[in-house]
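> What follows is the file run-v7.cif, containing mmCIF, C-alpha atoms and all ligand atoms:
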data_start
loop_
_atom_site.label_atom_id
_atom_site.label_comp_id
_atom_site.auth_asym_id
_atom_site.auth_seq_id
_atom_site.Cartn_x
_atom_site.Cartn_y
_atom_site.Cartn_z
CA ASP K 571 -23.70 -25.17 -9.32
CA LEU K 572 -24.59 -21.73 -10.65
CA GLY K 573 -27.33 -21.19 -8.07
CA GLY K 574 -29.57 -19.26 -10.45
CA TYR K 575 -26.81 -17.12 -11.99
CA ARG K 576 -25.90 -17.34 -15.66
CA TYR K 577 -22.14 -17.18 -15.13
CA TYR K 578 -19.72 -18.16 -12.39
CA MET K 579 -18.20 -14.69 -12.50
CA GLN K 580 -21.59 -13.18 -11.76
CA LYS K 581 -22.18 -15.62 -8.91
CA GLU K 582 -18.72 -14.89 -7.52
CA ILE K 583 -19.26 -11.12 -7.68
CA PHE K 584 -22.44 -11.52 -5.63
CA GLU K 585 -20.76 -13.93 -3.21
CA GLN K 586 -18.32 -11.27 -2.08
CA PRO K 587 -20.10 -10.20 1.12
CA ARG K 588 -20.03 -13.86 2.20
CA ALA K 589 -16.40 -14.32 1.11
CA VAL K 590 -15.29 -11.28 3.11
CA ALA K 591 -17.30 -12.34 6.17
CA ASP K 592 -15.73 -15.83 6.01
CA THR K 593 -12.23 -14.39 5.64
CA LEU K 594 -12.85 -12.40 8.84
CA LEU K 595 -14.38 -15.33 10.71
CA ASP K 596 -11.46 -15.96 13.09
CA VAL K 597 -10.34 -12.36 13.30
CA ASN K 598 -11.29 -11.17 16.77
CA ALA K 599 -8.39 -8.82 17.20
CA VAL K 600 -5.46 -7.41 15.28
CA MET K 601 -2.53 -9.70 16.09
CA PRO K 602 0.49 -11.23 14.36
CA GLU K 603 -0.77 -14.76 15.02
CA LEU K 604 -3.31 -14.26 12.22
CA PHE K 605 -0.33 -14.85 9.91
CA GLY K 606 1.21 -17.85 11.70
CA ASP K 607 2.82 -18.78 15.01
CA LYS K 608 6.19 -17.29 14.15
CA ALA K 609 4.78 -14.06 12.76
CA TRP K 610 5.37 -11.98 15.88
CA ARG K 611 9.12 -12.59 15.78
CA VAL K 612 9.38 -12.15 12.03
CA PHE K 613 7.29 -8.97 11.88
CA ASN K 614 9.29 -7.39 14.71
CA GLY K 615 12.56 -7.83 12.85
CA ILE K 616 11.63 -6.24 9.53
CA ASP K 617 12.30 -2.75 8.25
CA SER K 618 10.46 -2.85 4.92
CA VAL K 619 7.95 -4.80 2.85
CA LEU K 620 8.18 -6.19 -0.70
CA LEU K 621 4.97 -7.40 -2.32
CA LEU K 622 5.20 -9.81 -5.28
CA ALA K 623 2.27 -10.80 -7.50
CA CYS K 624 0.87 -11.01 -11.05
CA GLY K 625 -2.25 -9.68 -12.76
CA GLY K 626 -5.16 -8.79 -10.52
CA SER K 627 -3.26 -9.91 -7.43
CA TYR K 628 -0.62 -7.31 -8.33
CA HIS K 629 -3.33 -4.64 -8.14
CA ALA K 630 -4.29 -5.84 -4.65
CA ALA K 631 -0.61 -5.60 -3.71
CA LEU K 632 -0.42 -2.03 -5.10
CA THR K 633 -3.36 -1.03 -2.92
CA ALA K 634 -1.60 -2.54 0.09
CA LYS K 635 1.39 -0.28 -0.45
CA TYR K 636 -0.78 2.74 0.39
CA TRP K 637 -2.12 1.02 3.53
CA ILE K 638 1.19 -0.30 4.83
CA GLU K 639 3.01 2.98 4.29
CA SER K 640 0.31 5.19 5.78
CA LEU K 641 -0.73 2.97 8.68
CA ALA K 642 2.50 1.17 9.60
CA GLY K 643 5.03 3.67 8.26
CA LEU K 644 7.09 0.90 6.64
CA PRO K 645 8.70 1.50 3.22
CA THR K 646 6.86 -0.79 0.81
CA ALA K 647 7.74 -1.88 -2.72
CA VAL K 648 5.48 -3.75 -5.11
CA GLU K 649 6.83 -5.77 -8.01
CA ILE K 650 5.33 -7.79 -10.82
CA ALA K 651 6.67 -11.26 -10.06
CA SER K 652 7.81 -12.00 -13.64
CA GLU K 653 9.91 -8.83 -13.63
CA PHE K 654 11.35 -9.22 -10.14
CA ARG K 655 12.60 -12.73 -10.78
CA TYR K 656 14.84 -11.67 -13.66
CA ARG K 657 16.15 -8.40 -12.30
CA ASP K 658 19.37 -7.83 -10.40
CA GLY K 659 17.67 -6.16 -7.47
CA VAL K 660 19.19 -5.27 -4.12
CA ALA K 661 18.29 -7.84 -1.48
CA ASN K 662 17.56 -6.68 2.05
CA PRO K 663 17.43 -9.58 4.54
CA ASN K 664 15.16 -7.50 6.80
CA THR K 665 12.44 -7.15 4.22
CA LEU K 666 9.17 -8.99 4.64
CA VAL K 667 8.44 -10.63 1.28
CA VAL K 668 4.69 -10.93 0.73
CA ALA K 669 3.54 -13.08 -2.19
CA VAL K 670 -0.09 -12.46 -3.15
CA SER K 671 -1.81 -15.14 -5.22
CA GLN K 672 -5.31 -16.56 -5.50
CA SER K 673 -4.17 -19.97 -6.73
CA GLY K 674 -0.77 -20.20 -5.10
CA GLU K 675 0.40 -22.00 -8.24
CA THR K 676 1.35 -19.08 -10.50
CA ALA K 677 4.79 -20.02 -11.86
CA ASP K 678 6.17 -16.48 -11.86
CA VAL K 679 5.12 -15.86 -8.26
CA LEU K 680 6.74 -19.11 -7.12
CA GLY K 681 9.84 -18.22 -9.17
CA ALA K 682 10.01 -14.75 -7.62
CA VAL K 683 9.79 -16.18 -4.09
CA HIS K 684 12.61 -18.63 -4.91
CA VAL K 685 14.78 -15.78 -6.18
CA ALA K 686 14.06 -13.71 -3.07
CA LYS K 687 14.92 -16.60 -0.76
CA ARG K 688 18.12 -17.41 -2.65
CA ALA K 689 19.13 -13.78 -2.25
CA GLY K 690 18.75 -14.11 1.53
CA MET K 691 15.25 -12.71 1.97
CA ILE K 692 13.89 -15.50 4.11
CA HIS K 693 10.97 -13.72 5.75
CA THR K 694 8.21 -14.83 3.44
CA LEU K 695 4.45 -14.55 3.78
CA ALA K 696 1.86 -16.02 1.39
CA ILE K 697 -1.55 -14.41 1.03
CA CYS K 698 -3.40 -17.12 -0.78
CA ASN K 699 -6.84 -18.62 -1.36
CA VAL K 700 -5.67 -22.25 -1.57
CA PRO K 701 -4.23 -23.66 1.67
CA THR K 702 -2.70 -26.72 -0.04
CA SER K 703 -0.91 -24.72 -2.74
CA ALA K 704 2.80 -24.73 -3.57
CA LEU K 705 3.08 -21.07 -2.51
CA VAL K 706 1.74 -21.73 0.98
CA ARG K 707 4.23 -24.58 1.36
CA GLU K 708 7.04 -22.36 0.11
CA CYS K 709 6.47 -19.42 2.48
CA ALA K 710 7.28 -19.31 6.19
CA LEU K 711 4.04 -17.51 7.08
CA ASN K 712 0.61 -17.43 5.52
CA PHE K 713 -2.84 -15.95 5.60
CA ILE K 714 -5.52 -17.97 3.85
CA THR K 715 -8.38 -16.00 2.36
CA ARG K 716 -11.73 -17.75 2.43
CA ALA K 717 -13.18 -16.69 -0.89
CA GLY K 718 -13.96 -20.34 -1.64
CA ILE K 719 -13.21 -21.94 -5.00
CA GLU K 720 -13.15 -19.35 -7.76
CA ILE K 721 -14.16 -20.72 -11.16
CA GLY K 722 -14.52 -17.63 -13.35
CA VAL K 723 -11.14 -16.91 -14.94
CA ALA K 724 -11.46 -13.22 -14.08
CA SER K 725 -10.75 -12.90 -10.39
CA THR K 726 -13.41 -11.16 -8.28
CA LYS K 727 -14.02 -12.51 -4.77
CA ALA K 728 -10.40 -13.61 -4.49
CA PHE K 729 -9.33 -10.01 -5.15
CA THR K 730 -11.53 -8.39 -2.52
CA THR K 731 -10.59 -10.99 0.09
CA GLN K 732 -6.90 -10.42 -0.71
CA LEU K 733 -7.52 -6.75 0.06
CA VAL K 734 -9.06 -7.69 3.40
CA ALA K 735 -6.02 -9.84 4.26
CA LEU K 736 -3.62 -7.09 3.20
CA PHE K 737 -5.48 -4.49 5.26
CA LEU K 738 -5.17 -6.79 8.29
CA LEU K 739 -1.45 -7.07 7.57
CA ALA K 740 -1.14 -3.27 7.49
CA LEU K 741 -3.01 -3.01 10.81
CA THR K 742 -0.85 -5.72 12.39
CA LEU K 743 2.40 -4.07 11.31
CA ALA K 744 1.06 -0.72 12.53
CA GLN K 745 0.23 -2.20 15.92
CA LEU K 746 3.67 -3.78 16.35
CA ARG K 747 5.25 -0.43 15.57
CA GLY K 748 3.13 1.38 18.16
CA ARG K 749 1.10 3.19 15.52
CA LEU K 750 -2.34 1.74 16.28
CA THR K 751 -4.23 2.72 19.41
CA ASP K 752 -6.79 0.35 20.93
CA GLU K 753 -9.50 2.76 19.85
CA GLU K 754 -8.22 2.79 16.26
CA GLU K 755 -8.05 -1.01 16.29
CA ARG K 756 -11.65 -1.15 17.47
CA GLN K 757 -12.78 1.26 14.75
CA HIS K 758 -10.98 -0.59 11.95
CA LEU K 759 -12.37 -3.95 13.09
CA HIS K 760 -15.83 -2.44 13.24
CA ALA K 761 -15.46 -1.14 9.68
CA LEU K 762 -14.22 -4.54 8.50
CA ARG K 763 -17.14 -6.35 10.10
CA HIS K 764 -19.62 -4.01 8.42
CA LEU K 765 -17.95 -4.39 5.06
CA PRO K 766 -20.27 -7.22 3.91
CA ASP K 767 -23.34 -5.01 4.46
CA ALA K 768 -21.69 -2.09 2.71
CA MET K 769 -20.75 -4.39 -0.20
CA ALA K 770 -24.34 -5.60 -0.50
CA LYS K 771 -25.45 -1.99 -0.93
CA VAL K 772 -22.94 -1.47 -3.73
CA LEU K 773 -24.10 -4.68 -5.43
CA ALA K 774 -27.61 -3.22 -5.43
CA LEU K 775 -26.37 -0.53 -7.86
CA GLU K 776 -26.22 -3.21 -10.58
CA PRO K 777 -29.17 -1.85 -12.67
CA GLN K 778 -27.57 1.60 -12.93
CA ILE K 779 -24.18 0.12 -13.81
CA MET K 780 -25.79 -2.15 -16.40
CA ALA K 781 -27.32 0.90 -18.10
CA TRP K 782 -23.83 2.41 -18.48
CA SER K 783 -22.48 -0.82 -19.94
CA GLU K 784 -24.86 -0.44 -22.87
CA THR K 785 -23.04 2.73 -23.94
CA LEU K 786 -19.56 1.48 -23.14
CA THR K 787 -20.01 -1.78 -24.97
CA ARG K 788 -20.25 0.08 -28.29
CA LYS K 789 -16.82 1.64 -27.80
CA GLU K 790 -13.45 0.14 -28.71
CA ASN K 791 -11.40 1.95 -26.05
CA ILE K 792 -12.02 3.07 -22.49
CA LEU K 793 -9.77 5.06 -20.18
CA PHE K 794 -9.96 4.39 -16.45
CA LEU K 795 -8.79 7.02 -13.98
CA GLY K 796 -8.15 6.94 -10.25
CA ARG K 797 -5.88 8.63 -7.75
CA GLY K 798 -4.08 7.46 -4.64
CA MET K 799 -5.21 4.11 -3.31
CA HIS K 800 -7.96 4.06 -5.95
CA TYR K 801 -5.50 4.12 -8.83
CA PRO K 802 -4.93 0.35 -8.40
CA ILE K 803 -8.72 -0.06 -8.45
CA ALA K 804 -8.82 1.76 -11.80
CA LEU K 805 -6.10 -0.64 -13.00
CA GLU K 806 -8.20 -3.58 -11.83
CA GLY K 807 -11.26 -2.14 -13.62
CA ALA K 808 -9.33 -1.83 -16.88
CA LEU K 809 -7.95 -5.36 -16.52
CA LYS K 810 -11.43 -6.84 -15.94
CA MET K 811 -12.75 -4.90 -18.95
CA LYS K 812 -9.95 -6.16 -21.22
CA GLU K 813 -10.12 -9.73 -20.02
CA ILE K 814 -13.80 -10.44 -20.47
CA SER K 815 -15.24 -7.84 -22.87
CA TYR K 816 -12.13 -7.56 -25.12
CA ILE K 817 -12.58 -3.78 -25.14
CA HIS K 818 -9.21 -2.10 -24.97
CA ALA K 819 -8.99 -0.41 -21.60
CA GLU K 820 -6.14 1.37 -19.89
CA ALA K 821 -5.85 2.89 -16.46
CA TYR K 822 -3.94 6.02 -15.54
CA PRO K 823 -3.39 7.87 -12.30
CA ALA K 824 -5.54 10.91 -13.10
CA GLY K 825 -2.69 13.35 -12.52
CA GLU K 826 -0.86 11.81 -15.48
CA LEU K 827 -3.62 12.73 -17.96
CA LYS K 828 -2.00 15.89 -19.22
CA HIS K 829 1.33 14.12 -19.61
CA GLY K 830 0.04 12.15 -22.57
CA PRO K 831 -3.24 10.25 -22.52
CA LEU K 832 -5.35 13.42 -22.77
CA ALA K 833 -4.42 13.36 -26.47
CA LEU K 834 -6.62 10.28 -26.85
CA VAL K 835 -9.73 11.75 -25.26
CA SER K 836 -12.66 12.43 -27.58
CA ASP K 837 -16.33 11.49 -27.63
CA GLU K 838 -15.21 8.08 -28.91
CA MET K 839 -13.02 7.45 -25.84
CA PRO K 840 -15.16 7.27 -22.72
CA VAL K 841 -13.48 7.85 -19.38
CA VAL K 842 -14.42 5.91 -16.26
CA ALA K 843 -13.32 7.60 -13.03
CA VAL K 844 -13.09 6.09 -9.56
CA ALA K 845 -13.82 9.16 -7.47
CA PRO K 846 -14.41 8.52 -3.78
CA ASN K 847 -14.76 11.34 -1.27
CA ASP K 848 -11.16 11.33 -0.19
CA ARG K 849 -8.67 14.16 -0.01
CA LEU K 850 -7.87 13.71 -3.70
CA LEU K 851 -11.43 14.32 -4.93
CA GLU K 852 -10.80 18.00 -5.67
CA LYS K 853 -7.71 17.12 -7.69
CA LEU K 854 -9.60 14.44 -9.57
CA ARG K 855 -12.38 16.88 -10.27
CA SER K 856 -10.02 19.18 -12.11
CA ASN K 857 -8.73 16.17 -14.08
CA MET K 858 -12.34 15.44 -15.03
CA HIS K 859 -12.79 19.01 -16.30
CA GLU K 860 -9.82 18.41 -18.58
CA VAL K 861 -11.74 15.46 -20.03
CA SER K 862 -15.06 17.34 -20.41
CA ALA K 863 -13.35 20.24 -22.13
CA ARG K 864 -12.26 17.78 -24.86
CA ASN K 865 -15.75 16.35 -25.36
CA GLY K 866 -14.85 13.22 -23.40
CA ARG K 867 -17.76 11.32 -21.87
CA LEU K 868 -17.25 10.78 -18.17
CA PHE K 869 -18.63 7.86 -16.18
CA VAL K 870 -17.91 8.59 -12.55
CA PHE K 871 -18.22 6.35 -9.52
CA ALA K 872 -18.50 8.74 -6.59
CA ASP K 873 -19.88 8.62 -3.06
CA VAL K 874 -22.83 10.38 -1.47
CA ASP K 875 -22.14 14.05 -0.77
CA CYS K 876 -19.66 14.26 -3.61
CA GLY K 877 -21.28 17.40 -5.00
CA LEU K 878 -21.32 15.85 -8.48
CA SER K 879 -24.47 15.22 -10.45
CA SER K 880 -25.12 13.87 -13.91
CA GLY K 881 -25.33 16.38 -16.73
CA PRO K 882 -24.28 16.60 -20.38
CA GLY K 883 -21.21 14.42 -20.87
CA LEU K 884 -21.12 13.57 -17.18
CA ASN K 885 -22.70 10.43 -15.73
CA VAL K 886 -22.46 9.82 -11.99
CA ILE K 887 -23.28 6.80 -9.86
CA ARG K 888 -23.00 7.36 -6.14
CA LEU K 889 -22.06 4.73 -3.60
CA ASN K 890 -23.96 4.94 -0.32
CA GLU K 891 -21.10 6.07 1.84
CA TYR K 892 -17.42 6.92 1.82
CA TYR K 893 -15.77 3.99 3.54
CA GLY K 894 -12.47 5.49 4.70
CA PRO K 895 -9.31 3.44 4.14
CA LEU K 896 -11.39 0.42 3.09
CA SER K 897 -13.03 2.38 0.27
CA PRO K 898 -10.97 0.59 -2.45
CA ILE K 899 -12.78 -2.65 -1.57
CA LEU K 900 -16.20 -1.11 -2.14
CA HIS K 901 -15.14 0.70 -5.30
CA THR K 902 -13.90 -2.58 -6.80
CA ILE K 903 -17.44 -3.90 -7.12
CA PRO K 904 -18.68 -1.38 -9.73
CA MET K 905 -15.54 -2.11 -11.77
CA GLN K 906 -16.44 -5.81 -11.82
CA LEU K 907 -20.10 -5.21 -12.65
CA LEU K 908 -19.25 -2.75 -15.41
CA ALA K 909 -16.92 -5.25 -17.10
CA PHE K 910 -19.37 -8.10 -16.57
CA HIS K 911 -22.28 -6.27 -18.19
CA ALA K 912 -20.14 -4.94 -21.04
CA ALA K 913 -19.04 -8.52 -21.73
CA LEU K 914 -22.59 -9.81 -21.41
CA ALA K 915 -23.79 -7.26 -23.96
CA ARG K 916 -20.97 -8.29 -26.29
CA GLY K 917 -21.80 -11.97 -25.89
CA THR K 918 -18.30 -13.13 -24.96
CA ASP K 919 -17.43 -16.31 -23.11
CA ILE K 920 -17.34 -14.57 -19.71
CA ASP K 921 -16.15 -17.43 -17.52
CA LYS K 922 -13.52 -18.60 -20.00
CA PRO K 923 -12.16 -15.60 -21.89
CA ARG K 924 -10.21 -16.47 -25.04
CA ASN K 925 -6.49 -17.23 -24.62
CA LEU K 926 -6.56 -17.14 -20.81
CA ALA K 927 -6.19 -19.84 -18.16
CA LYS K 928 -7.36 -19.67 -14.57
CA SER K 929 -4.03 -20.66 -13.16
CA VAL K 930 -0.86 -19.75 -15.04
CA THR K 931 1.47 -22.58 -14.03
CA VAL K 932 3.87 -21.99 -16.90
CA GLU K 933 6.06 -18.97 -17.56
C1 LIG K 1001 -7.36 -11.20 -13.25
C2 LIG K 1001 -6.81 -12.54 -13.14
C3 LIG K 1001 -5.35 -12.76 -13.33
C4 LIG K 1001 -4.76 -13.31 -12.04
C5 LIG K 1001 -3.26 -13.62 -12.23
C6 LIG K 1001 -2.62 -14.08 -10.94
O1 LIG K 1001 -8.74 -11.23 -13.29
O2 LIG K 1001 -7.53 -13.45 -12.82
O3 LIG K 1001 -4.71 -11.58 -13.73
O4 LIG K 1001 -4.95 -12.34 -11.04
O5 LIG K 1001 -3.10 -14.61 -13.21
O6 LIG K 1001 -3.18 -15.27 -10.48
P1 LIG K 1001 -2.98 -15.76 -9.00
O7 LIG K 1001 -3.61 -14.75 -8.11
O8 LIG K 1001 -3.62 -17.11 -8.92
O9 LIG K 1001 -1.49 -15.81 -8.76
#
Output the file's structure in the form of structure tokens.

Amino acid sequence: DLGGYRYYMQKEIFEQPRAVADTLLDVNAVMPELFGDKAWRVFNGIDSVLLLACGGSYHAALTAKYWIESLAGLPTAVEIASEFRYRDGVANPNTLVVAVSQSGETADVLGAVHVAKRAGMIHTLAICNVPTSALVRECALNFITRAGIEIGVASTKAFTTQLVALFLLALTLAQLRGRLTDEEERQHLHALRHLPDAMAKVLALEPQIMAWSETLTRKENILFLGRGMHYPIALEGALKMKEISYIHAEAYPAGELKHGPLALVSDEMPVVAVAPNDRLLEKLRSNMHEVSARNGRLFVFADVDCGLSSGPGLNVIRLNEYYGPLSPILHTIPMQLLAFHAALARGTDIDKPRNLAKSVTVE
């Protein structure tokens, strides 16, 4: 049932406030039990975290690295599952292995978890949207996101709910390590509970984002930039763009521009920047000047009070507020809408992009 929407992806983008609220339904406090009965014991014995995933779920995992390291102070590695499973890595039995997957049936993720377990890494946690999946059965602990069934091949609500689950994991690990005061816990839970309202406000920016898509849809290449915990969001934006509009899109951490990709920038290569009001905004701003100086057209997603306004070669859409550590969740939404409207303008098969399957159960 499309409920008035033209595409499942569109419906699923707009369902995100509900999906996040549902995922938080039983979360009354930060506590290990959110991840299973045995989680307290497991989490107390670990000294590091290894996140394994593919595709969009890998981008959620990359975002989690920033959260887990800054909040919990635990060394965190993120690996693409198909690479990890065939690499002679160094196994640490005290690592918490976190597999992130919407479907829980992705062959490479299951393969990577098998490899980890065989190497003696038995502390496994699944963050998954399907409670009956093979991955949930395979892992000792789990957190089930409540995005609901996702039909569009390009993941949207599953991604943002994975981020919610991973943020809760970071908070839980921080608490167990004595790095989360009761007041901080209260503030983070408050921010999480207000996330659905904040997301609804970002969704309301759709008309402005749609107007940008009209320009972008005529281009063959787009560069996405982000810094810090918004670099994975730029990666996710480029992936969505590739998947459904078939426009070639690449994401770079903005500081890497001058190490190569700046050579590509011209008025034919628009640049989309994820530019929230965090401590990296000033740095990003100088990266954006590098683009403008080469006639690059900038499309910037900023927040209120960013001090940026649209002008020649510079287009700015402002989100209503800077949302602290949860900002990547809000900044994901414009990425999804931009790709959706670019694809819509190009007339592609949005819910079933060519050559792709919803669940990749083969290698
Ligand atoms: C991106 C997308 C894919 C999946 C990837 C992993 O829009 O849908 O990249 O994220 O195939 O799938 P799961 O999360 O089911 O393991």
> Report, in Å with one decimal, the straight-line distance from atom CA of K:His629 to atom O6 of ligand LIG 1001 (chain K).
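Spanning atom CA of K:His629 to atom O6 of ligand LIG 1001 (chain K) is a straight-line distance of 10.9 Å.
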> Taking all atoms listed in the file into account, report as a VMD selection string which residues have an atom no farther than 10 Å from an atom of ligand LIG 1001 (chain K).
chain K and resid 622 to 630 651 669 to 680 697 to 700 705 720 to 726 728 to 729 732 806 to 807 809 to 814 906 926 to 931
> What separation in Å, quoted to one decimal, exists between atom CA of K:Glu603 and atom CA of K:Ile719?
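Atom-to-atom, atom CA of K:Glu603 and atom CA of K:Ile719 are spaced 24.6 Å apart.
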> May I ask for the distance between atom CA of K:Lys635 and atom CA of K:Val648, given in Å to one decimal place?
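Pair atom CA of K:Lys635 / atom CA of K:Val648 returns 7.1 Å.
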> Could you name the residues that touch K:Phe794 at 9 Å or less, counting only C-alpha atoms, but leaving out those on the same chain fewer than 2 positions away, as a ChimeraX atom specification?
/K:792,796,801,804-805,807-808,819-824,840-844
> So, counting only C-alpha atoms, which residue among K:Thr633, K:Ser897, K:Val600, K:Thr593 is closest to K:Asp752?
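Selected residue with least distance to K:Asp752: K:Val600.
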> Select, from K:Asn664, K:Ser640, K:Asn847, K:Asn598, the residue with the minimum atom-to-atom distance to K:Leu620, counting all atoms listed in the file.
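The closest residue to K:Leu620 is K:Asn664.
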